[in-house]
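S.K.: This is the structure I want to talk about, given as structure tokens.
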Amino acid sequence: MQTFFIVLILALGFIITFQIAKASEYVGIMRGEEKSKKQTNKINAFLLLAFLILGMIGVYYCNERLKGKILGAPASNHGVHIDTMLYITLAITGVVFFITQITLFWFSFKYQQSDNRKAYYYPHNNKLELIWTVIPAIALTVLVGFGIYYWFKITGEAPKDAMVVEVTGSQFKWEFRYPGKDKILGKKYYKNIDEANNQLGQLWDDPANRDDIYVSGEPMHLVVNRPVKLVIGAKDVIHDVGLPHFRMKMDAVPGTPTSMWFTPTKTTKQVREETDNPAFMFEISCDQMCGKGHTNMRGEIIVENQEEYDVWILSKKPKYLSVFPDKNPVAQPADTTKPAASPVAKN
Amino acid sequence: MSEATHIHPEVAVSHDVHHGGDHGHHHQSFITKYVFSTDHKMIGKQFLITGIIWAIVGGLFSVLFRLQLGYPGQTFPILETFFGHYAEGGIIKPEFYYSLVTMHGTILVFFVLTAGLSGTFANLLIPLQVGARDMASPFINMLSYWFFFMASIVMLSSMFTQTGPASGGWTMYPPLSALRQASDGSKIGADLWLISMALFIVSSLMGGLNYISTILNMRTKGMSMTRLPLTIWALFFTAILGVLSFPVLLSGAILLLFDRNIGTSFYLSDIVVNGQVLPNEGGSAILYQHLFWFLGHPEVYIILLPAMGMVSEILSVNSRKPIFGYMAMLGSLFAIAILAFLVWAHHMFVTGLNPFLGSVFVLLTLLIAVPSAIKVFNWLTTLWRGNIRFTPATLFAIGFVSLFISGGLTGIFLGNSTIDIHLHDTMFVVAHFHIVMGVASMFGMFAGIYHWFPKMYGRYVNSTLGYLHFWITITGAYLIFWPMHYQGFAGIPRRYLDKSSWLSFNGFHDLDKMITIVSIVVFAAQLMFVFNFFYSIFKGRKVTNPNPWGANTLEWSTPINPGHGNWVGEIPEVHRWAYDYAKDGREFIPQTEPIGASESKH
């Protein structure tokens with residue numbers, strides 16, 4: 001019933017607006033078309049100027065309202081570069097924005113039709129055109145220069161001492177794998193994936209797999225000020241590892257592993273204290289549409305110091321040992337061990 | 001679905017019009033005149049009205065998903081009444097949400113802003129402004145519309161399937177769009193989407209080839225290429241972009257159809273979906289993205305260039321002043337058209353693209369800002385010292401420039417790969433492309449409709465409603481999309497239908513509500529425009545002056561209601577460019593007027 005009334009009111013509003021508009025056309029014709037045209041011209045010119053002024057106030061107000069709601073300071077080394085780049089671009093485009101918008105609306109207002117003015121025949125001016133080709137070109141060269149400089153810094157090789165964590169996305173969760181003591185992620189093959197025992201399809205023949213630690217359903221742990229390289233993959237469709245606080249992002253593509261590296265510069269605890277928000281967590285968002293659960297494909301990261309991390313990682317058992325509880329790598333030399341129930345694997 | 005609405009007052013005058021001597025078909029039945037018409041003007045109107053109907057559907061979808069975004073979790077029983085199991089209990093289901101988003105994008109990008117915008121105005125304006133009786137091949141032109149119509153029917157039918165229409169986003173990235181197990185929208189809906197796009201591409205190719213050959217071969221005597229109005233140049237480059245890039249999307253779509261239906265592995269590799277191991281190995285999901293964006297980026301300019309051309313023309317006519325820097329405008333159109341092909345990978349900076357390749361695409365992408373800046377400065381100088389007449393078309397053209405500046409500048413953020421790492425796939429992107437491509441091109445389209453309505457239907461639209469339409473739309477557009485940039489800075493990913501489970505993205509409830517309310521108001525204003533449009537076709541004030549805007553271009557030298565063949569008797573000869581306004585103390589000098597002996601040179 002309520003909906004019906006809303007529709008009715010809307011329809012009535014429509015009809016009234018239309019009738020007024022129709023009447024105003026007739027009135028205009030009766031009062032003399034030329035005269036009423038001049039009047040609407042004046043009104044619209046004035047409105048354009050008003051729109052400019054209100055618009056500028058709106059831009060300021062919007063910034064005041066919302067600037068506190070965007071993410072705080074970046075929590076990674078790359079994040080600092082990205083924010084610097086963002087502010088350089090904001091400054092340059094901001095200047096251009098204000099100059100051109102003010103000119104546009106001011107000219108529209110100032111050169112509104114008037115009987116006293118004749119339009120000026122001004123078809124071209126090569127010098128002017130050259131100036132406004134060259135100036136944007138220079139400004140853009142600066143932006144491209146800075147941009148590419150930072151881009152290569154961010155996308156270059158990860159430092160040698162970087163820790164490695166594998167991230168795997170699937171509808172609609174994140175799974176992690178740590179390489180263990182040998183610092184090598186063991187080989188895997190997707191046909192070995194078994195959602196009960198081998199969620200990542202690890203090949204147990206590969207000795208590098210025997211100390212790999214599989215983590216799911218809990219946050220990823222990283223060490224502050226230690227570079228980390230994320231090796232990223234996906235099982236089913238394309239996902240994207242989005243780390244808004246670190247300003248990082250990389251697609252997770254099935255069949256094509258990708259990677260990115262960065263150095264977290266703040267611990268979770270530190271940010272909690274800085275922002276006075278004890279519930280704060282670094283979040284992993286899926287940034288590539290992946291199906292109906294896309295919205296809730298959430299992961300978490302805890303950044304901590306080395307000691308805390310060591311305690312955490314020691315509490316974890318390699319996946320291999322939970323699959324083959326009888327194989328104790330301490331008692332038996334690893335290279336002679338052939339897993340009895342080894343799944344058939346190619347590769 | 002639109003032929004029934006094509007009845008309009010031309011019926012009354014059609015018998016009085018003498019066709020050009022080279023035309024044999026004098027008597028026209030309803031079918032040949034309104035349905036299977038080969039008259040470019042009628043085909044243009046068919047594209048326009050079909051486009052308007054699609055715009056209402058696509059716009060309505062955006063209002064529906066804005067309801068979800070503004071009021072997550074709230075029930076709207078009316079939704080269940082209309083959409084049944086998609087909105088059980090009046091709450092939009094995630095699958096349905098993604099279908100709405102996908103259909104909104106597909107409809108607006110392809111069916112409204114490609115077919116509805118360039119289809120309408122290329123058909124209407126090219127023969128009229130170059131001085132031709134019709135397109136190079138009127139029959140293929142007619143087929144072009146009917147293939148578009150078939151594409152529309154297929155797309156529409158996908159909305160009535162049990163599992164719903166495609167829901168993989170308008171980009172339809174595989175594997176999501178390739179795997180039936182991965183989402184409901186990837187079942188029959190995705191097949192229908194691909195078939196519809198294939199038909200659409202055929203339509204757009206037939207149209208494009210026609211536009212190019214008409215412009216190159218059928219210009220009237222004296223109409224050299226550099227005397228063409230900028231609208232025609234813009235439509236020319238648009239057609240070339242379409243002809244060269246749409247086939248690539250066709251191949252991409254067909255390979256995807258193969259992957260879906262006959263077991264190929266072009267895009268699929270190493271997949272375990274819902275616990276089921278798929279046999280496909282060796283494909284590349286990224287290949288599709290290259291194929292898609294090789295069209296997808298030029299597509300942005302396919303949408304934007306016609307709007308730019310019309311805005312140039314409308315600003316010049318209504319400032320009563322020549323367009324400033326005609327050759328520079330032409331050169332920048334050319335530069336944009338070339339660069340449009342060389343920037344596609346800027347949509348893929350975070351797909352694991354080789355960083356060096358990425359840096360090349362940064363350079364080429366930011367280069368586009370140079371011709372864009374030239375265009376903006378030239379529009380501004382066109383207004384300078386003019387004598388501006390604010391018709392609804394002029395206002396929409398000015399609004400276009402404003403939006404193009406705002407949206408173009410945010411493109412500089414996204415085109416720079418370093419910043420794109422943070423902003424990629426966030427609401428910032430949504431804000432950016434809606435302003436620069438969506439709303440700006442809509443403004444170009446509105447400007448065109450208001451400006452050429454008298455030529456299309458021999459009547460005026462109600463301009464009071466036109467002014468109201470403009471002021472509500474521009475205010476609304478900025479209110480909706482300007483604050484959205486801040487959501488992007490906050491890292492909120494696009495296509496999130498409910499942010500309440502997130503700690504970082506949860507601070508924008510009021511903003512989302514405001515945006516939803518404004519978008520409903522803006523949508524209502526568009527309905528008002530649609531009403532004004534259809535009402536004016538039948539009941540608008542009649543045009544009495546064949547050249548109501550005092551314009552120079554050829555279309556205004558035809559009768560008020562031109563028949564098939566456009567001109568009665570000889571096609572006029574052209575003696576000058578289209579922009580002799582305010583020259584030698586005369587307000588305007590039509591292109592058909594010979595150069596006077598004492599006339600000054602420009």
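Each chain in the structure tokens gets a letter, A, B, ..., in the order shown, and its residues are numbered from 1; ligands are numbered from 1 in order too.
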Residues at most 12 Å from A:Leu130, counting only C-alpha atoms, excluding those fewer than 3 positions away in the same chain, as number ranges by chain?

M.R.: A: 124-127, 133-137; B: 325, 328, 370-371, 373-374, 377-378

S.K.: Atoms to include: N, CA and C atoms. Write the selected residues as a compact mmCIF listing (two decimals), in the first residue's frame.

M.R.:
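Saved result, selection_5.txt, follows:
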```
# COMPACT_ATOMS: atom_id res chain seq x y z
N HIS A 124 41.38 30.14 -35.27
CA HIS A 124 42.54 29.40 -34.75
C HIS A 124 43.68 30.33 -34.39
N ASN A 125 44.62 29.81 -33.62
CA ASN A 125 45.81 30.56 -33.23
C ASN A 125 46.88 29.52 -32.94
N ASN A 126 47.78 29.37 -33.90
CA ASN A 126 48.74 28.26 -33.79
C ASN A 126 49.61 28.35 -32.54
N LYS A 127 49.94 29.59 -32.15
CA LYS A 127 50.82 29.74 -30.99
C LYS A 127 50.13 29.20 -29.73
N THR A 133 49.60 22.36 -26.10
CA THR A 133 50.04 20.99 -26.37
C THR A 133 51.29 20.69 -25.53
N VAL A 134 52.17 21.70 -25.48
CA VAL A 134 53.46 21.47 -24.83
C VAL A 134 53.33 21.38 -23.31
N ILE A 135 52.53 22.29 -22.73
CA ILE A 135 52.45 22.29 -21.26
C ILE A 135 51.91 20.98 -20.70
N PRO A 136 50.78 20.46 -21.21
CA PRO A 136 50.34 19.15 -20.68
C PRO A 136 51.38 18.07 -20.94
N ALA A 137 52.06 18.16 -22.09
CA ALA A 137 53.06 17.13 -22.40
C ALA A 137 54.17 17.13 -21.34
N GLY B 325 40.27 26.15 -33.56
CA GLY B 325 41.29 25.16 -33.89
C GLY B 325 40.74 23.90 -34.54
N ALA B 328 43.35 21.37 -35.21
CA ALA B 328 43.85 20.77 -33.97
C ALA B 328 42.82 19.78 -33.41
N VAL B 370 47.27 14.35 -23.68
CA VAL B 370 47.65 15.53 -24.48
C VAL B 370 46.56 15.90 -25.48
N PRO B 371 46.16 14.98 -26.38
CA PRO B 371 45.05 15.38 -27.27
C PRO B 371 43.77 15.72 -26.51
N ALA B 373 43.60 17.20 -23.61
CA ALA B 373 43.77 18.57 -23.11
C ALA B 373 43.56 19.58 -24.23
N ILE B 374 44.10 19.25 -25.42
CA ILE B 374 43.91 20.16 -26.56
C ILE B 374 42.42 20.38 -26.81
N PHE B 377 40.87 22.67 -24.08
CA PHE B 377 41.24 24.08 -24.23
C PHE B 377 40.56 24.68 -25.46
N ASN B 378 40.42 23.90 -26.52
CA ASN B 378 39.76 24.43 -27.70
C ASN B 378 38.27 24.67 -27.47
```

S.K.: Show me, as JSON lines, the residues of stretch 320-358 of chain B having an atom within 8 Å of stretch 403-420 of chain B, each with the closest atom pair and its distance in Å, using only C-alpha atoms.

M.R.:
```
{"residue": "B:His346", "atom": "CA", "partner": "B:Gly415", "partner_atom": "CA", "distance": 6.3}
{"residue": "B:Phe349", "atom": "CA", "partner": "B:Ser417", "partner_atom": "CA", "distance": 6.3}
{"residue": "B:Gly358", "atom": "CA", "partner": "B:Ser417", "partner_atom": "CA", "distance": 7.2}
```

S.K.: Give me the residues within 7 Å of A:Tyr120 as a ChimeraX atom specification, counting only C-alpha atoms and dropping any in the same chain fewer than 5 places off.

M.R.: /B:321,385-386,582

S.K.: Could those residues be written to a file, using C-alpha atoms, as a PDB file, in the first residue's frame?

M.R.:
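As a result, selection36.pdb now contains:
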```pdb
ATOM      1  CA  LYS B 321      31.370  31.416 -33.213  1.00  0.00           C
ATOM      2  CA  ARG B 385      33.999  35.934 -26.559  1.00  0.00           C
ATOM      3  CA  GLY B 386      31.075  34.057 -28.007  1.00  0.00           C
ATOM      4  CA  ALA B 582      30.319  35.727 -36.925  1.00  0.00           C
TER       5      ALA B 582
END
```

S.K.: So which residues touch B:His40 within 12 Å, counting only C-alpha atoms, skipping near sequence neighbours fewer than 2 positions away, as an mmCIF file with C-alpha atoms, in the first residue's frame?

M.R.:
```cif
data_model
loop_
_atom_site.group_PDB
_atom_site.id
_atom_site.type_symbol
_atom_site.label_atom_id
_atom_site.label_comp_id
_atom_site.auth_asym_id
_atom_site.auth_seq_id
_atom_site.Cartn_x
_atom_site.Cartn_y
_atom_site.Cartn_z
ATOM 1 C CA LYS B 33 8.614 2.794 -44.018
ATOM 2 C CA TYR B 34 8.709 2.066 -40.318
ATOM 3 C CA PHE B 36 12.197 -2.674 -42.591
ATOM 4 C CA SER B 37 13.071 0.828 -43.616
ATOM 5 C CA THR B 38 16.146 1.547 -45.682
ATOM 6 C CA MET B 42 14.331 6.086 -39.953
ATOM 7 C CA ILE B 43 17.080 3.600 -39.071
ATOM 8 C CA GLY B 44 18.646 6.266 -36.891
ATOM 9 C CA LYS B 45 15.340 6.713 -35.090
ATOM 10 C CA GLN B 46 15.009 2.947 -34.682
ATOM 11 C CA PHE B 47 18.435 2.848 -33.046
ATOM 12 C CA GLY B 119 24.104 4.111 -34.261
ATOM 13 C CA THR B 120 21.589 6.914 -33.974
ATOM 14 C CA PHE B 121 23.727 9.860 -34.892
ATOM 15 C CA ALA B 122 25.947 8.180 -37.471
ATOM 16 C CA ASN B 123 22.799 7.128 -39.299
ATOM 17 C CA LEU B 124 21.030 10.397 -38.928
ATOM 18 C CA LEU B 125 23.890 12.793 -39.511
ATOM 19 C CA ILE B 126 26.350 11.221 -41.913
ATOM 20 C CA PRO B 127 24.222 11.388 -45.091
ATOM 21 C CA LEU B 128 22.620 14.665 -44.047
ATOM 22 C CA ALA B 132 24.197 12.229 -49.598
ATOM 23 C CA ARG B 133 20.757 10.865 -50.287
ATOM 24 C CA ASP B 134 21.357 7.814 -48.119
ATOM 25 C CA MET B 135 24.086 5.491 -46.897
ATOM 26 C CA ALA B 136 26.383 3.694 -49.328
ATOM 27 C CA SER B 137 24.329 0.564 -48.793
ATOM 28 C CA PRO B 138 20.902 1.279 -47.333
ATOM 29 C CA PHE B 139 20.097 -2.428 -47.280
ATOM 30 C CA ILE B 140 23.124 -3.391 -45.187
ATOM 31 C CA ASN B 141 22.284 -0.430 -43.014
ATOM 32 C CA MET B 142 18.852 -1.885 -42.416
ATOM 33 C CA LEU B 143 20.411 -5.271 -41.648
ATOM 34 C CA SER B 144 22.673 -3.527 -39.166
ATOM 35 C CA TYR B 145 19.658 -2.391 -37.168
ATOM 36 C CA GLY B 207 27.015 -0.193 -39.630
ATOM 37 C CA ASN B 210 28.651 1.702 -44.223
ATOM 38 C CA TYR B 211 29.577 4.842 -42.292
ATOM 39 C CA THR B 214 29.579 6.824 -47.101
ATOM 40 C CA MET B 456 14.269 14.170 -36.712
ATOM 41 C CA PRO B 562 12.814 15.449 -45.378
ATOM 42 C CA GLY B 563 11.641 12.354 -47.239
ATOM 43 C CA HIS B 564 13.777 9.437 -48.300
ATOM 44 C CA GLY B 565 16.470 11.083 -50.420
ATOM 45 C CA ASN B 566 16.702 14.111 -48.152
#
```

S.K.: Please identify all polymer residues within 10 Å of stretch 233-239 of chain A, counting only C-alpha atoms, omitting same-chain residues fewer than 2 positions from it, and present them as a CSV table (one decimal) with N, CA and C atoms, in the first residue's frame.

M.R.:
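Done, and the output landed in around-v8.csv:
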```
chain,number,residue,atom,x,y,z
A,166,GLU,N,52.8,-18.5,0.3
A,166,GLU,CA,52.0,-18.7,-0.9
A,166,GLU,C,50.5,-18.4,-0.5
A,167,VAL,N,49.8,-17.7,-1.4
A,167,VAL,CA,48.4,-17.4,-1.1
A,167,VAL,C,47.6,-18.1,-2.3
A,168,THR,N,46.6,-18.8,-1.9
A,168,THR,CA,45.7,-19.4,-2.9
A,168,THR,C,44.3,-19.0,-2.7
A,169,GLY,N,43.7,-18.5,-3.7
A,169,GLY,CA,42.3,-18.1,-3.6
A,169,GLY,C,41.4,-19.1,-4.2
A,170,SER,N,40.2,-19.3,-3.6
A,170,SER,CA,39.2,-20.2,-4.3
A,170,SER,C,37.9,-19.7,-3.7
A,171,GLN,N,36.8,-20.1,-4.4
A,171,GLN,CA,35.5,-19.6,-4.0
A,171,GLN,C,35.2,-20.1,-2.6
A,172,PHE,N,35.1,-19.4,-1.5
A,172,PHE,CA,35.4,-18.0,-1.4
A,172,PHE,C,36.2,-17.8,-0.2
A,173,LYS,N,37.5,-18.3,-0.3
A,173,LYS,CA,38.3,-18.3,0.9
A,173,LYS,C,39.8,-18.2,0.4
A,174,TRP,N,40.6,-17.8,1.4
A,174,TRP,CA,42.1,-17.7,1.1
A,174,TRP,C,42.8,-18.8,1.9
A,175,GLU,N,43.7,-19.5,1.3
A,175,GLU,CA,44.6,-20.5,2.0
A,175,GLU,C,46.0,-20.0,1.8
A,190,TYR,N,47.6,-29.6,-9.7
A,190,TYR,CA,46.2,-29.3,-9.3
A,190,TYR,C,45.4,-30.6,-9.2
A,193,ILE,N,44.7,-32.1,-5.9
A,193,ILE,CA,43.9,-31.4,-4.9
A,193,ILE,C,42.8,-32.3,-4.3
A,199,GLN,N,44.7,-29.8,0.3
A,199,GLN,CA,43.9,-28.7,-0.2
A,199,GLN,C,44.6,-28.0,-1.4
A,200,LEU,N,45.9,-28.1,-1.4
A,200,LEU,CA,46.7,-27.3,-2.4
A,200,LEU,C,47.3,-28.2,-3.5
A,230,LEU,N,54.8,-12.6,-1.8
A,230,LEU,CA,53.6,-13.5,-1.8
A,230,LEU,C,53.6,-14.2,-3.2
A,231,VAL,N,53.5,-15.5,-3.2
A,231,VAL,CA,53.4,-16.3,-4.4
A,231,VAL,C,51.9,-16.6,-4.5
A,241,VAL,N,44.4,-10.6,-4.7
A,241,VAL,CA,44.8,-10.4,-3.3
A,241,VAL,C,44.9,-8.9,-3.2
A,242,GLY,N,44.0,-8.3,-2.5
A,242,GLY,CA,44.0,-6.8,-2.3
A,242,GLY,C,44.4,-6.5,-0.9
A,250,MET,N,47.4,-7.8,-6.3
A,250,MET,CA,47.8,-8.7,-7.4
A,250,MET,C,46.8,-9.8,-7.7
A,251,ASP,N,46.5,-10.0,-9.0
A,251,ASP,CA,45.5,-11.0,-9.3
A,251,ASP,C,46.0,-12.4,-9.0
A,252,ALA,N,45.0,-13.3,-8.7
A,252,ALA,CA,45.3,-14.7,-8.5
A,252,ALA,C,44.6,-15.4,-9.6
A,253,VAL,N,45.4,-16.0,-10.5
A,253,VAL,CA,44.9,-16.5,-11.8
A,253,VAL,C,45.1,-18.0,-11.8
A,254,PRO,N,44.1,-18.8,-12.0
A,254,PRO,CA,44.3,-20.2,-12.1
A,254,PRO,C,45.2,-20.6,-13.3
A,255,GLY,N,46.2,-21.4,-13.0
A,255,GLY,CA,47.1,-21.8,-14.1
A,255,GLY,C,48.3,-20.9,-14.3
A,256,THR,N,48.2,-19.7,-13.8
A,256,THR,CA,49.3,-18.7,-14.0
A,256,THR,C,49.7,-18.1,-12.7
A,257,PRO,N,50.8,-18.6,-12.1
A,257,PRO,CA,51.1,-18.0,-10.8
A,257,PRO,C,51.6,-16.6,-10.9
A,258,THR,N,51.3,-15.8,-10.0
A,258,THR,CA,51.8,-14.4,-10.0
A,258,THR,C,52.5,-14.1,-8.6
A,259,SER,N,53.2,-13.0,-8.5
A,259,SER,CA,53.8,-12.7,-7.2
A,259,SER,C,53.9,-11.2,-7.0
A,285,SER,N,41.3,-8.3,0.8
A,285,SER,CA,40.0,-8.2,0.1
A,285,SER,C,40.2,-8.9,-1.2
A,286,CYS,N,39.2,-9.6,-1.7
A,286,CYS,CA,39.2,-10.1,-3.1
A,286,CYS,C,38.8,-8.9,-4.0
A,287,ASP,N,39.6,-8.5,-4.9
A,287,ASP,CA,39.3,-7.4,-5.7
A,287,ASP,C,38.9,-7.7,-7.1
A,288,GLN,N,38.8,-9.0,-7.4
A,288,GLN,CA,38.4,-9.4,-8.7
A,288,GLN,C,37.1,-10.2,-8.6
A,289,MET,N,36.1,-9.7,-9.2
A,289,MET,CA,34.8,-10.4,-9.1
A,289,MET,C,34.9,-11.9,-9.3
A,290,CYS,N,34.4,-12.7,-8.3
A,290,CYS,CA,34.7,-14.1,-8.4
A,290,CYS,C,33.4,-15.0,-8.2
A,291,GLY,N,32.3,-14.3,-8.1
A,291,GLY,CA,31.0,-15.1,-7.9
A,291,GLY,C,30.3,-14.6,-6.8
A,294,HIS,N,31.8,-13.1,-3.5
A,294,HIS,CA,32.9,-12.2,-3.7
A,294,HIS,C,33.0,-11.2,-2.5
A,297,MET,N,34.7,-12.5,0.7
A,297,MET,CA,35.9,-13.3,0.6
A,297,MET,C,37.0,-12.5,1.3
B,173,TYR,N,35.0,-12.0,-17.6
B,173,TYR,CA,36.3,-12.8,-17.5
B,173,TYR,C,36.1,-14.2,-17.3
B,174,PRO,N,36.7,-15.1,-18.1
B,174,PRO,CA,36.8,-16.5,-17.7
B,174,PRO,C,37.9,-16.6,-16.7
B,175,PRO,N,38.0,-17.7,-15.9
B,175,PRO,CA,37.1,-18.9,-15.9
B,175,PRO,C,35.7,-18.7,-15.3
B,176,LEU,N,35.5,-17.5,-14.6
B,176,LEU,CA,34.2,-17.4,-13.9
B,176,LEU,C,33.1,-17.5,-14.9
B,177,SER,N,33.3,-16.9,-16.1
B,177,SER,CA,32.2,-16.9,-17.1
B,177,SER,C,32.2,-18.2,-17.9
B,178,ALA,N,33.3,-19.0,-17.8
B,178,ALA,CA,33.4,-20.2,-18.6
B,178,ALA,C,32.8,-21.4,-17.8
B,179,LEU,N,32.8,-21.4,-16.5
B,179,LEU,CA,32.5,-22.6,-15.7
B,179,LEU,C,31.1,-22.5,-15.2
B,181,GLN,N,29.8,-24.4,-13.1
B,181,GLN,CA,29.8,-24.8,-11.7
B,181,GLN,C,30.1,-23.5,-10.8
B,182,ALA,N,30.7,-22.5,-11.5
B,182,ALA,CA,31.2,-21.4,-10.7
B,182,ALA,C,30.2,-20.4,-10.3
B,268,LEU,N,41.3,-21.9,-20.1
B,268,LEU,CA,41.2,-22.7,-18.9
B,268,LEU,C,42.5,-23.5,-18.6
B,269,SER,N,42.9,-23.5,-17.4
B,269,SER,CA,44.0,-24.4,-17.0
B,269,SER,C,44.0,-24.6,-15.5
B,270,ASP,N,44.4,-25.8,-15.1
B,270,ASP,CA,44.6,-26.1,-13.7
B,270,ASP,C,43.5,-25.7,-12.8
B,271,ILE,N,42.3,-26.2,-13.1
B,271,ILE,CA,41.1,-25.7,-12.4
B,271,ILE,C,40.5,-26.8,-11.5
B,272,VAL,N,40.2,-26.5,-10.3
B,272,VAL,CA,39.4,-27.3,-9.4
B,272,VAL,C,38.2,-26.5,-8.9
B,273,VAL,N,37.1,-26.8,-9.4
B,273,VAL,CA,35.9,-25.9,-9.0
B,273,VAL,C,34.9,-26.8,-8.2
B,274,ASN,N,34.6,-26.3,-7.1
B,274,ASN,CA,33.7,-27.0,-6.2
B,274,ASN,C,34.1,-28.4,-5.9
B,275,GLY,N,35.4,-28.6,-5.8
B,275,GLY,CA,36.0,-29.9,-5.5
B,275,GLY,C,36.1,-30.8,-6.8
B,276,GLN,N,35.6,-30.3,-7.9
B,276,GLN,CA,35.7,-31.1,-9.1
B,276,GLN,C,36.9,-30.7,-9.9
B,277,VAL,N,37.8,-31.7,-10.3
B,277,VAL,CA,39.0,-31.4,-11.0
B,277,VAL,C,38.7,-31.4,-12.5
B,278,LEU,N,39.0,-30.3,-13.2
B,278,LEU,CA,38.7,-30.3,-14.6
B,278,LEU,C,39.9,-30.7,-15.4
B,285,ALA,N,43.9,-17.7,-18.8
B,285,ALA,CA,42.8,-16.8,-18.6
B,285,ALA,C,43.1,-15.4,-18.9
B,286,ILE,N,44.4,-15.1,-19.0
B,286,ILE,CA,44.8,-13.7,-19.3
B,286,ILE,C,44.6,-13.4,-20.8
B,351,THR,N,47.5,-7.9,-13.3
B,351,THR,CA,47.3,-9.3,-13.6
B,351,THR,C,48.5,-10.1,-13.6
```
